[in-house]
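Shown here: protein32.pdb, PDB, C-alpha atoms.
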MODEL        1
ATOM      1  CA  MET A 542     104.874 110.930 102.106
ATOM      2  CA  ASN A 543     108.015 113.025 101.623
ATOM      3  CA  SER A 544     109.690 113.707  98.306
ATOM      4  CA  ALA A 545     112.797 111.615  99.077
ATOM      5  CA  THR A 546     110.689 108.487  99.660
ATOM      6  CA  LEU A 547     108.670 109.106  96.510
ATOM      7  CA  THR A 548     111.873 109.544  94.533
ATOM      8  CA  GLU A 549     113.272 106.231  95.779
ATOM      9  CA  GLN A 550     110.014 104.447  94.946
ATOM     10  CA  PHE A 551     110.035 105.984  91.470
ATOM     11  CA  LEU A 552     113.647 104.905  90.869
ATOM     12  CA  LEU A 553     112.758 101.380  92.001
ATOM     13  CA  TYR A 554     109.850 101.412  89.533
ATOM     14  CA  LEU A 555     112.175 102.496  86.695
ATOM     15  CA  ALA A 556     114.527  99.625  87.538
ATOM     16  CA  ALA A 557     112.061  96.825  88.273
ATOM     17  CA  GLU A 558     109.198  97.544  85.884
ATOM     18  CA  ARG A 559     110.784  99.563  83.103
ATOM     19  CA  GLY A 560     114.195  97.899  83.087
ATOM     20  CA  LEU A 561     116.041 101.201  82.731
ATOM     21  CA  SER A 562     119.784 101.300  83.294
ATOM     22  CA  LEU A 563     121.597 102.482  86.399
ATOM     23  CA  ASN A 564     123.079 105.397  84.437
ATOM     24  CA  TYR A 565     119.622 106.578  83.388
ATOM     25  CA  ARG A 566     118.299 106.238  86.941
ATOM     26  CA  GLU A 567     121.205 108.234  88.326
ATOM     27  CA  GLY A 568     120.404 111.000  85.824
ATOM     28  CA  VAL A 569     116.788 110.962  87.026
ATOM     29  CA  ARG A 570     117.963 111.110  90.631
ATOM     30  CA  ARG A 571     120.050 114.213  89.913
ATOM     31  CA  SER A 572     117.146 115.936  88.160
ATOM     32  CA  LEU A 573     114.697 115.167  90.964
ATOM     33  CA  THR A 574     117.155 116.129  93.712
ATOM     34  CA  ARG A 575     117.705 119.481  92.029
ATOM     35  CA  PHE A 576     113.956 119.982  91.710
ATOM     36  CA  HIS A 577     113.211 119.020  95.318
ATOM     37  CA  GLN A 578     115.893 121.429  96.558
ATOM     38  CA  TRP A 579     114.373 124.177  94.422
ATOM     39  CA  CYS A 580     110.901 123.428  95.858
ATOM     40  CA  ALA A 581     112.283 123.527  99.409
ATOM     41  CA  GLU A 582     113.815 126.961  98.759
ATOM     42  CA  LYS A 583     110.449 128.171  97.396
ATOM     43  CA  GLU A 584     108.567 126.425 100.254
ATOM     44  CA  VAL A 585     106.427 124.538  97.722
ATOM     45  CA  GLN A 586     104.976 121.061  98.368
ATOM     46  CA  LEU A 587     104.674 118.501  95.558
ATOM     47  CA  CYS A 588     100.890 118.675  95.733
ATOM     48  CA  ASP A 589     101.089 122.444  95.102
ATOM     49  CA  VAL A 590     103.302 122.278  92.002
ATOM     50  CA  THR A 591     101.701 123.881  88.958
ATOM     51  CA  GLU A 592     102.619 124.300  85.329
ATOM     52  CA  PRO A 593     103.746 127.954  85.845
ATOM     53  CA  LEU A 594     105.970 126.864  88.752
ATOM     54  CA  LEU A 595     107.606 124.246  86.554
ATOM     55  CA  ALA A 596     108.179 126.866  83.885
ATOM     56  CA  ASP A 597     109.905 128.992  86.560
ATOM     57  CA  PHE A 598     112.065 126.004  87.515
ATOM     58  CA  ARG A 599     113.059 125.458  83.888
ATOM     59  CA  ARG A 600     113.963 129.135  83.557
ATOM     60  CA  ASP A 601     116.064 128.981  86.744
ATOM     61  CA  LEU A 602     117.948 125.977  85.357
ATOM     62  CA  HIS A 603     118.786 128.029  82.295
ATOM     63  CA  VAL A 604     119.871 131.013  84.429
ATOM     64  CA  ALA A 605     122.053 128.669  86.501
ATOM     65  CA  GLY A 606     124.011 127.844  83.344
ATOM     66  CA  LEU A 607     122.642 124.447  82.353
ATOM     67  CA  GLN A 608     122.876 123.619  78.682
ATOM     68  CA  PRO A 609     119.561 123.590  76.770
ATOM     69  CA  SER A 610     119.876 119.830  76.297
ATOM     70  CA  SER A 611     120.310 119.335  80.062
ATOM     71  CA  CYS A 612     117.267 121.510  80.785
ATOM     72  CA  ARG A 613     115.232 119.493  78.326
ATOM     73  CA  ILE A 614     116.313 116.184  79.880
ATOM     74  CA  ALA A 615     115.469 117.452  83.383
ATOM     75  CA  MET A 616     111.949 118.329  82.241
ATOM     76  CA  VAL A 617     111.540 114.908  80.618
ATOM     77  CA  HIS A 618     112.478 113.330  83.958
ATOM     78  CA  LEU A 619     109.957 115.516  85.786
ATOM     79  CA  ARG A 620     107.179 114.680  83.349
ATOM     80  CA  ARG A 621     107.846 111.015  83.877
ATOM     81  CA  PHE A 622     107.962 111.424  87.671
ATOM     82  CA  PHE A 623     104.685 113.339  87.851
ATOM     83  CA  ARG A 624     103.030 110.879  85.444
ATOM     84  CA  TYR A 625     104.045 108.108  87.848
ATOM     85  CA  LEU A 626     102.618 110.017  90.851
ATOM     86  CA  GLU A 627      99.366 110.600  88.989
ATOM     87  CA  ALA A 628      99.075 106.937  87.960
ATOM     88  CA  ARG A 629      99.498 105.696  91.528
ATOM     89  CA  GLY A 630      97.003 108.243  92.870
ATOM     90  CA  THR A 631      99.480 110.363  94.835
ATOM     91  CA  LEU A 632      98.540 113.396  92.730
ATOM     92  CA  SER A 633      95.260 114.086  90.959
ATOM     93  CA  ASN A 634      96.941 115.450  87.827
ATOM     94  CA  ASN A 635     100.296 115.817  86.116
ATOM     95  CA  PRO A 636     101.352 119.496  86.149
ATOM     96  CA  ALA A 637     104.431 118.737  84.013
ATOM     97  CA  GLU A 638     102.594 117.191  81.064
ATOM     98  CA  LEU A 639     102.465 120.383  78.988
ATOM     99  CA  VAL A 640     105.765 121.910  80.123
ATOM    100  CA  GLN A 641     108.418 121.784  77.426
ATOM    101  CA  GLY A 642     112.114 121.740  78.085
ATOM    102  CA  GLY A 643     113.109 123.986  75.213
ATOM    103  CA  ARG A 644     113.845 123.132  71.611
ATOM    104  CA  PRO A 645     116.803 120.739  71.467
ATOM    105  CA  GLY A 646     119.698 121.860  69.304
ATOM    106  CA  MET A 647     120.802 119.518  66.555
ATOM    107  CA  LYS A 648     124.296 118.481  67.504
ATOM    108  CA  ILE A 649     126.137 116.843  64.651
ATOM    109  CA  PRO A 650     128.144 113.902  65.995
ATOM    110  CA  GLU A 651     131.916 113.824  65.812
ATOM    111  CA  THR A 652     133.347 111.138  63.559
ATOM    112  CA  LEU A 653     136.684 109.855  62.345
ATOM    113  CA  ALA A 654     137.558 109.523  58.677
ATOM    114  CA  ALA A 655     137.707 105.927  57.475
ATOM    115  CA  GLY A 656     141.463 106.283  56.993
ATOM    116  CA  ALA A 657     141.961 107.450  60.580
ATOM    117  CA  VAL A 658     139.948 104.504  61.890
ATOM    118  CA  SER A 659     142.064 102.101  59.817
ATOM    119  CA  ARG A 660     145.279 103.669  61.117
ATOM    120  CA  LEU A 661     144.087 103.305  64.690
ATOM    121  CA  LEU A 662     142.978  99.689  64.325
ATOM    122  CA  GLU A 663     146.004  98.547  62.381
ATOM    123  CA  SER A 664     148.381 100.182  64.863
ATOM    124  CA  ILE A 665     147.314  97.638  67.498
ATOM    125  CA  ASP A 666     149.324  94.448  67.086
ATOM    126  CA  PRO A 667     147.162  91.436  67.983
ATOM    127  CA  ALA A 668     150.324  89.360  68.364
ATOM    128  CA  GLU A 669     151.062  91.304  71.566
ATOM    129  CA  LEU A 670     149.427  89.051  74.129
ATOM    130  CA  PRO A 671     147.196  89.533  75.906
ATOM    131  CA  PHE A 672     146.529  93.290  75.628
ATOM    132  CA  GLY A 673     147.193  93.837  71.941
ATOM    133  CA  ALA A 674     144.774  91.059  71.039
ATOM    134  CA  ARG A 675     142.178  92.291  73.522
ATOM    135  CA  ASP A 676     142.357  95.950  72.510
ATOM    136  CA  ARG A 677     142.290  95.157  68.790
ATOM    137  CA  ALA A 678     139.183  93.001  69.250
ATOM    138  CA  MET A 679     137.436  95.654  71.359
ATOM    139  CA  LEU A 680     138.033  98.459  68.865
ATOM    140  CA  GLU A 681     137.161  96.299  65.872
ATOM    141  CA  MET A 682     133.818  95.522  67.542
ATOM    142  CA  LEU A 683     133.078  99.102  68.584
ATOM    143  CA  TYR A 684     133.603 100.226  65.005
ATOM    144  CA  GLY A 685     132.473  97.101  63.154
ATOM    145  CA  SER A 686     129.214  96.587  65.060
ATOM    146  CA  GLY A 687     128.485 100.073  66.383
ATOM    147  CA  LEU A 688     128.265  98.974  70.012
ATOM    148  CA  ARG A 689     127.820 101.342  72.914
ATOM    149  CA  VAL A 690     130.694 101.030  75.369
ATOM    150  CA  SER A 691     128.211  99.915  78.060
ATOM    151  CA  GLU A 692     127.162  97.075  75.743
ATOM    152  CA  LEU A 693     130.763  96.107  75.072
ATOM    153  CA  VAL A 694     131.758  95.856  78.748
ATOM    154  CA  SER A 695     128.759  93.641  79.557
ATOM    155  CA  LEU A 696     129.057  91.391  76.489
ATOM    156  CA  ARG A 697     129.395  87.686  77.325
ATOM    157  CA  PRO A 698     130.903  84.891  75.197
ATOM    158  CA  GLU A 699     127.514  83.211  74.787
ATOM    159  CA  GLN A 700     126.153  86.351  73.106
ATOM    160  CA  VAL A 701     128.350  85.677  70.071
ATOM    161  CA  ASP A 702     126.648  83.539  67.415
ATOM    162  CA  TRP A 703     129.537  82.167  65.402
ATOM    163  CA  ASP A 704     127.280  80.214  63.040
ATOM    164  CA  GLU A 705     125.270  83.230  61.912
ATOM    165  CA  MET A 706     128.054  85.784  62.613
ATOM    166  CA  PHE A 707     125.817  87.929  64.806
ATOM    167  CA  LEU A 708     126.012  89.475  68.255
ATOM    168  CA  ARG A 709     123.007  89.313  70.575
ATOM    169  CA  VAL A 710     123.287  92.689  72.288
ATOM    170  CA  LEU A 711     121.424  93.798  75.402
ATOM    171  CA  GLY A 712     120.874  97.506  74.885
ATOM    172  CA  LYS A 713     119.082 100.355  76.608
ATOM    173  CA  GLY A 714     115.917  99.398  78.462
ATOM    174  CA  GLN A 715     117.092  95.759  78.421
ATOM    175  CA  LYS A 716     116.086  95.526  74.753
ATOM    176  CA  VAL A 717     117.755  92.762  72.775
ATOM    177  CA  ARG A 718     118.927  93.406  69.232
ATOM    178  CA  TYR A 719     120.999  91.409  66.760
ATOM    179  CA  VAL A 720     124.011  93.083  65.164
ATOM    180  CA  PRO A 721     126.234  91.631  62.428
ATOM    181  CA  LEU A 722     129.754  90.675  63.429
ATOM    182  CA  GLY A 723     131.950  91.866  60.559
ATOM    183  CA  GLY A 724     134.744  89.782  59.112
ATOM    184  CA  MET A 725     137.633  91.815  60.558
ATOM    185  CA  ALA A 726     135.950  92.045  63.964
ATOM    186  CA  ALA A 727     135.245  88.301  63.947
ATOM    187  CA  GLU A 728     138.876  87.529  63.104
ATOM    188  CA  ALA A 729     140.154  89.787  65.900
ATOM    189  CA  LEU A 730     137.640  88.405  68.405
ATOM    190  CA  ARG A 731     138.394  84.780  67.532
ATOM    191  CA  HIS A 732     142.125  85.440  67.986
ATOM    192  CA  TYR A 733     141.543  87.145  71.355
ATOM    193  CA  MET A 734     139.367  84.302  72.651
ATOM    194  CA  LYS A 735     141.757  81.610  71.438
ATOM    195  CA  SER A 736     145.095  83.180  72.388
ATOM    196  CA  ALA A 737     144.651  85.935  74.961
ATOM    197  CA  ARG A 738     141.504  85.712  77.074
ATOM    198  CA  SER A 739     142.706  82.705  79.085
ATOM    199  CA  LYS A 740     145.799  84.699  80.086
ATOM    200  CA  LEU A 741     143.555  87.295  81.746
ATOM    201  CA  ILE A 742     141.464  84.824  83.741
ATOM    202  CA  HIS A 743     142.591  84.636  87.360
ATOM    203  CA  ARG A 744     142.323  81.459  89.373
ATOM    204  CA  GLY A 745     139.292  81.520  91.638
ATOM    205  CA  LYS A 746     137.549  84.292  89.695
ATOM    206  CA  LYS A 747     134.541  83.859  87.469
ATOM    207  CA  ALA A 748     135.157  85.219  83.983
ATOM    208  CA  GLU A 749     131.578  85.933  82.930
ATOM    209  CA  VAL A 750     132.146  88.812  80.534
ATOM    210  CA  LEU A 751     134.013  88.658  77.256
ATOM    211  CA  PHE A 752     136.618  91.391  77.773
ATOM    212  CA  LEU A 753     138.702  91.238  80.933
ATOM    213  CA  SER A 754     141.110  93.533  82.738
ATOM    214  CA  ASN A 755     144.588  92.536  83.885
ATOM    215  CA  ARG A 756     142.950  91.536  87.192
ATOM    216  CA  GLY A 757     140.521  89.170  85.519
ATOM    217  CA  ALA A 758     137.530  91.427  86.148
ATOM    218  CA  ALA A 759     135.190  93.224  83.773
ATOM    219  CA  LEU A 760     136.655  96.373  82.251
ATOM    220  CA  THR A 761     134.997  99.632  83.219
ATOM    221  CA  ARG A 762     133.750 102.104  80.632
ATOM    222  CA  GLU A 763     136.289 104.633  81.874
ATOM    223  CA  ARG A 764     139.134 102.144  81.443
ATOM    224  CA  ILE A 765     138.098 101.460  77.836
ATOM    225  CA  ARG A 766     137.954 105.204  77.208
ATOM    226  CA  GLN A 767     141.512 105.521  78.537
ATOM    227  CA  ILE A 768     142.760 102.583  76.438
ATOM    228  CA  ILE A 769     141.373 104.164  73.276
ATOM    229  CA  LYS A 770     142.817 107.584  74.125
ATOM    230  CA  ASP A 771     146.249 106.059  74.775
ATOM    231  CA  ARG A 772     146.157 104.044  71.540
ATOM    232  CA  ALA A 773     145.161 107.115  69.495
ATOM    233  CA  ARG A 774     147.793 109.295  71.153
ATOM    234  CA  ALA A 775     150.494 106.705  70.466
ATOM    235  CA  ILE A 776     150.048 107.114  66.693
ATOM    236  CA  GLY A 777     149.578 110.874  66.812
ATOM    237  CA  LEU A 778     145.917 111.096  65.851
ATOM    238  CA  PRO A 779     144.965 114.756  66.334
ATOM    239  CA  GLU A 780     141.279 114.030  66.926
ATOM    240  CA  ASN A 781     139.723 113.508  70.337
ATOM    241  CA  VAL A 782     139.157 109.764  70.131
ATOM    242  CA  TYR A 783     136.739 108.126  72.577
ATOM    243  CA  PRO A 784     134.504 105.020  72.502
ATOM    244  CA  HIS A 785     131.337 106.683  71.202
ATOM    245  CA  ILE A 786     133.161 108.284  68.271
ATOM    246  CA  MET A 787     133.672 104.735  66.966
ATOM    247  CA  ARG A 788     129.890 104.203  67.062
ATOM    248  CA  HIS A 789     129.285 107.540  65.305
ATOM    249  CA  SER A 790     131.866 106.598  62.668
ATOM    250  CA  PHE A 791     130.228 103.179  62.189
ATOM    251  CA  ALA A 792     126.861 104.800  61.403
ATOM    252  CA  THR A 793     128.287 107.593  59.250
ATOM    253  CA  HIS A 794     130.443 105.327  57.120
ATOM    254  CA  LEU A 795     127.513 102.950  56.553
ATOM    255  CA  LEU A 796     125.363 105.875  55.432
ATOM    256  CA  GLU A 797     128.087 107.257  53.158
ATOM    257  CA  ASN A 798     128.366 103.890  51.473
ATOM    258  CA  GLY A 799     124.661 103.590  50.744
ATOM    259  CA  ALA A 800     123.137 101.767  53.730
ATOM    260  CA  ASP A 801     119.458 102.414  54.413
ATOM    261  CA  LEU A 802     118.782 104.686  57.388
ATOM    262  CA  ARG A 803     116.261 102.267  58.914
ATOM    263  CA  VAL A 804     118.774  99.432  58.772
ATOM    264  CA  ILE A 805     121.286 101.647  60.579
ATOM    265  CA  GLN A 806     118.574 102.491  63.134
ATOM    266  CA  ASP A 807     118.061  98.782  63.862
ATOM    267  CA  MET A 808     121.788  98.107  64.201
ATOM    268  CA  LEU A 809     122.279 101.058  66.553
ATOM    269  CA  GLY A 810     119.252 100.103  68.643
ATOM    270  CA  HIS A 811     117.556 103.497  68.315
ATOM    271  CA  ALA A 812     113.879 103.402  69.290
ATOM    272  CA  ASP A 813     113.137 106.493  67.183
ATOM    273  CA  LEU A 814     114.311 107.072  63.607
ATOM    274  CA  ALA A 815     114.694 110.771  64.446
ATOM    275  CA  THR A 816     117.659 109.854  66.660
ATOM    276  CA  THR A 817     119.384 108.154  63.741
ATOM    277  CA  GLN A 818     118.703 111.085  61.428
ATOM    278  CA  ILE A 819     121.471 113.141  63.055
ATOM    279  CA  TYR A 820     123.826 111.255  60.735
ATOM    280  CA  THR A 821     122.065 112.523  57.612
ATOM    281  CA  HIS A 822     123.442 116.014  58.305
ATOM    282  CA  ILE A 823     126.946 114.717  57.701
ATOM    283  CA  GLU A 824     125.821 113.074  54.458
ATOM    284  CA  LYS A 825     124.119 116.306  53.331
ATOM    285  CA  LYS A 826     127.375 118.230  53.819
ATOM    286  CA  ARG A 827     129.187 115.635  51.738
ATOM    287  CA  LEU A 828     126.597 115.870  48.953
ATOM    288  CA  VAL A 829     126.900 119.671  48.879
ATOM    289  CA  SER A 830     130.667 119.325  48.611
ATOM    290  CA  LEU A 831     130.333 116.792  45.795
ATOM    291  CA  HIS A 832     127.947 119.079  43.911
ATOM    292  CA  ARG A 833     130.184 122.126  44.292
ATOM    293  CA  HIS A 834     133.209 120.210  43.072
ATOM    294  CA  PHE A 835     131.769 118.286  40.113
ATOM    295  CA  HIS A 836     128.815 120.278  38.781
ATOM    296  CA  PRO A 837     129.830 122.906  36.183
ATOM    297  CA  ARG A 838     127.578 125.502  37.825
ATOM    298  CA  GLY A 839     127.907 124.322  41.402
ATOM    299  CA  ARG A 840     130.152 127.212  42.499
ATOM    300  CA  LEU A 841     129.876 130.961  42.534
ATOM    301  CA  ALA A 842     132.319 132.768  40.265
ATOM    302  CA  THR A 843     134.083 134.150  43.337
ATOM    303  CA  ASP A 844     134.517 130.753  44.985
ATOM    304  CA  GLU A 845     137.887 129.103  45.065
ATOM    305  CA  GLU A 846     137.863 125.582  43.728
ATOM    306  CA  PRO A 847     137.206 123.272  46.666
ATOM    307  CA  PRO A 848     139.307 120.182  47.192
ATOM    308  CA  ALA A 849     137.762 116.998  45.835
ATOM    309  CA  PRO A 850     135.669 115.304  48.518
ATOM    310  CA  PRO A 851     136.400 111.682  49.356
ATOM    311  CA  ILE A 852     134.174 109.232  47.527
ATOM    312  CA  SER A 853     133.535 106.018  49.398
TER
ENDMDL
END
How would this structure read if it were set down as structure tokens?
Amino acid sequence: MNSATLTEQFLLYLAAERGLSLNYREGVRRSLTRFHQWCAEKEVQLCDVTEPLLADFRRDLHVAGLQPSSCRIAMVHLRRFFRYLEARGTLSNNPAELVQGGRPGMKIPETLAAGAVSRLLESIDPAELPFGARDRAMLEMLYGSGLRVSELVSLRPEQVDWDEMFLRVLGKGQKVRYVPLGGMAAEALRHYMKSARSKLIHRGKKAEVLFLSNRGAALTRERIRQIIKDRARAIGLPENVYPHIMRHSFATHLLENGADLRVIQDMLGHADLATTQIYTHIEKKRLVSLHRHFHPRGRLATDEEPPAPPIS
């Protein structure tokens, strides 16, 4: 069986049995296509792939200019692919099991200061129907509940529990989690649903999702990104503002104000606490700044006095 057929069967398995998203599957497809092309150039069959050959492939990815994180992800995809081939009996062993993709660098997430977030949200007038109400509700929910943009665009009205003030969110891997709906977000969402959403529903079209475009269809992730960029530019925010920075800011501001890391993990829908721990690096920097400013021996004699850090 050729590699293209095996790839398609593997992608079908990821969709049907593992419930992984289209975006994830497309990433896997790119990794496997690159690997199959590399094997064709080397005249290597799948059954002849060895651990040293995979190490050569990883090195060639690096030489080709891929970022270390991209190399690591490609090797994760290959390990999963070969594990699948081994499990179904296509291969007798998994040559990728011991191949590492390189140590991932710790990338500290970009965030907005709480004041910048407030400026952005309050600059959107919910009285401007329907788009002011819609955009205000979307941004309040991205920041107030820490949603991924993919979760926001697929959110349906029935996923809002108004009695308990929770959202039932369908996250990565089709995993359901419950996220609090904050007071400001709830107010903005209630106003949008009462006063604006009906204006976006087109006759003859089903309005299944919560947030609609001017054509009555679901908004795309790219369209939401553009809306946020335009809103931030309109008030002169110097930062690069995009949907995921609202999620990063949600987690960081919770941590700064004393929330437990495991609670934040649950609200973000992270399977591994290590993923959530990227936010502790921001908190550590803040603690160092606090110590240097307030402790009588926190600075070297040659240091200039640092500005007082914000205290949430």
Separation of CA of Val694 (chain A) from CA of Gly673 (chain A), in Å and rounded to one decimal: 17.0 Å
Exercise: Lys746 (chain A) partners within 12 Å, only C-alpha atoms, chain neighbours under 3 positions left out, as a list of chain:residue names: A:Ser739, A:Leu741, A:Ile742, A:His743, A:Glu749, A:Val750, A:Leu753, A:Arg756, A:Gly757, A:Ala758, A:Ala759
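The protein and nucleic acid residues lying at most 12 Å from Ser562 (chain A) are Leu552, Leu553, Tyr554, Leu555, Ala556, Ala557, Glu558, Arg566, Glu567, Gly568, Val569, Ser691, Glu692, Leu711, Gly712, Lys713, Gly714, Gln715 and Lys716 of chain A, with only C-alpha atoms considered and sequence neighbours fewer than 4 positions away removed.
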Give me a file of those residues, with C-alpha atoms, as an mmCIF file, in the coordinates of the input.
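After the write, result.cif holds the following:
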data_model
loop_
_atom_site.group_PDB
_atom_site.id
_atom_site.type_symbol
_atom_site.label_atom_id
_atom_site.label_comp_id
_atom_site.auth_asym_id
_atom_site.auth_seq_id
_atom_site.Cartn_x
_atom_site.Cartn_y
_atom_site.Cartn_z
ATOM 1 C CA LEU A 552 113.647 104.905 90.869
ATOM 2 C CA LEU A 553 112.758 101.380 92.001
ATOM 3 C CA TYR A 554 109.850 101.412 89.533
ATOM 4 C CA LEU A 555 112.175 102.496 86.695
ATOM 5 C CA ALA A 556 114.527 99.625 87.538
ATOM 6 C CA ALA A 557 112.061 96.825 88.273
ATOM 7 C CA GLU A 558 109.198 97.544 85.884
ATOM 8 C CA ARG A 566 118.299 106.238 86.941
ATOM 9 C CA GLU A 567 121.205 108.234 88.326
ATOM 10 C CA GLY A 568 120.404 111.000 85.824
ATOM 11 C CA VAL A 569 116.788 110.962 87.026
ATOM 12 C CA SER A 691 128.211 99.915 78.060
ATOM 13 C CA GLU A 692 127.162 97.075 75.743
ATOM 14 C CA LEU A 711 121.424 93.798 75.402
ATOM 15 C CA GLY A 712 120.874 97.506 74.885
ATOM 16 C CA LYS A 713 119.082 100.355 76.608
ATOM 17 C CA GLY A 714 115.917 99.398 78.462
ATOM 18 C CA GLN A 715 117.092 95.759 78.421
ATOM 19 C CA LYS A 716 116.086 95.526 74.753
#
Excluding region 621-633 of chain A and any residue of its chain fewer than 3 positions from it, enumerate the residues within 9 Å of it, using all atoms listed in the file, and give them as a PDB file with C-alpha atoms, in the coordinates of the input.
ATOM      1  CA  LEU A 547     108.670 109.106  96.510  1.00  0.00           C
ATOM      2  CA  THR A 548     111.873 109.544  94.533  1.00  0.00           C
ATOM      3  CA  PHE A 551     110.035 105.984  91.470  1.00  0.00           C
ATOM      4  CA  VAL A 569     116.788 110.962  87.026  1.00  0.00           C
ATOM      5  CA  LEU A 573     114.697 115.167  90.964  1.00  0.00           C
ATOM      6  CA  LEU A 587     104.674 118.501  95.558  1.00  0.00           C
ATOM      7  CA  CYS A 588     100.890 118.675  95.733  1.00  0.00           C
ATOM      8  CA  MET A 616     111.949 118.329  82.241  1.00  0.00           C
ATOM      9  CA  VAL A 617     111.540 114.908  80.618  1.00  0.00           C
ATOM     10  CA  HIS A 618     112.478 113.330  83.958  1.00  0.00           C
ATOM     11  CA  PRO A 636     101.352 119.496  86.149  1.00  0.00           C
ATOM     12  CA  ALA A 637     104.431 118.737  84.013  1.00  0.00           C
ATOM     13  CA  GLU A 638     102.594 117.191  81.064  1.00  0.00           C
TER      14      GLU A 638
END
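Near Gly687 (chain A), within a cut-off of 8 Å and counting all atoms listed in the file, sit the residues Met682, Leu683, Met787, Arg788, His789, Phe791, Ala792, Met808 and Leu809 of chain A, with same-chain residues fewer than 4 positions away left out.
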For the residues in the current selection, export C-alpha atoms as a short mmCIF file (atom, residue, chain, number, x, y, z; two decimals), in the frame of the given file.
data_model
loop_
_atom_site.label_atom_id
_atom_site.label_comp_id
_atom_site.auth_asym_id
_atom_site.auth_seq_id
_atom_site.Cartn_x
_atom_site.Cartn_y
_atom_site.Cartn_z
CA MET A 682 133.82 95.52 67.54
CA LEU A 683 133.08 99.10 68.58
CA MET A 787 133.67 104.74 66.97
CA ARG A 788 129.89 104.20 67.06
CA HIS A 789 129.28 107.54 65.31
CA PHE A 791 130.23 103.18 62.19
CA ALA A 792 126.86 104.80 61.40
CA MET A 808 121.79 98.11 64.20
CA LEU A 809 122.28 101.06 66.55
#
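Between CA of Ser736 (chain A) and CA of Leu670 (chain A) the separation is 7.5 Å.
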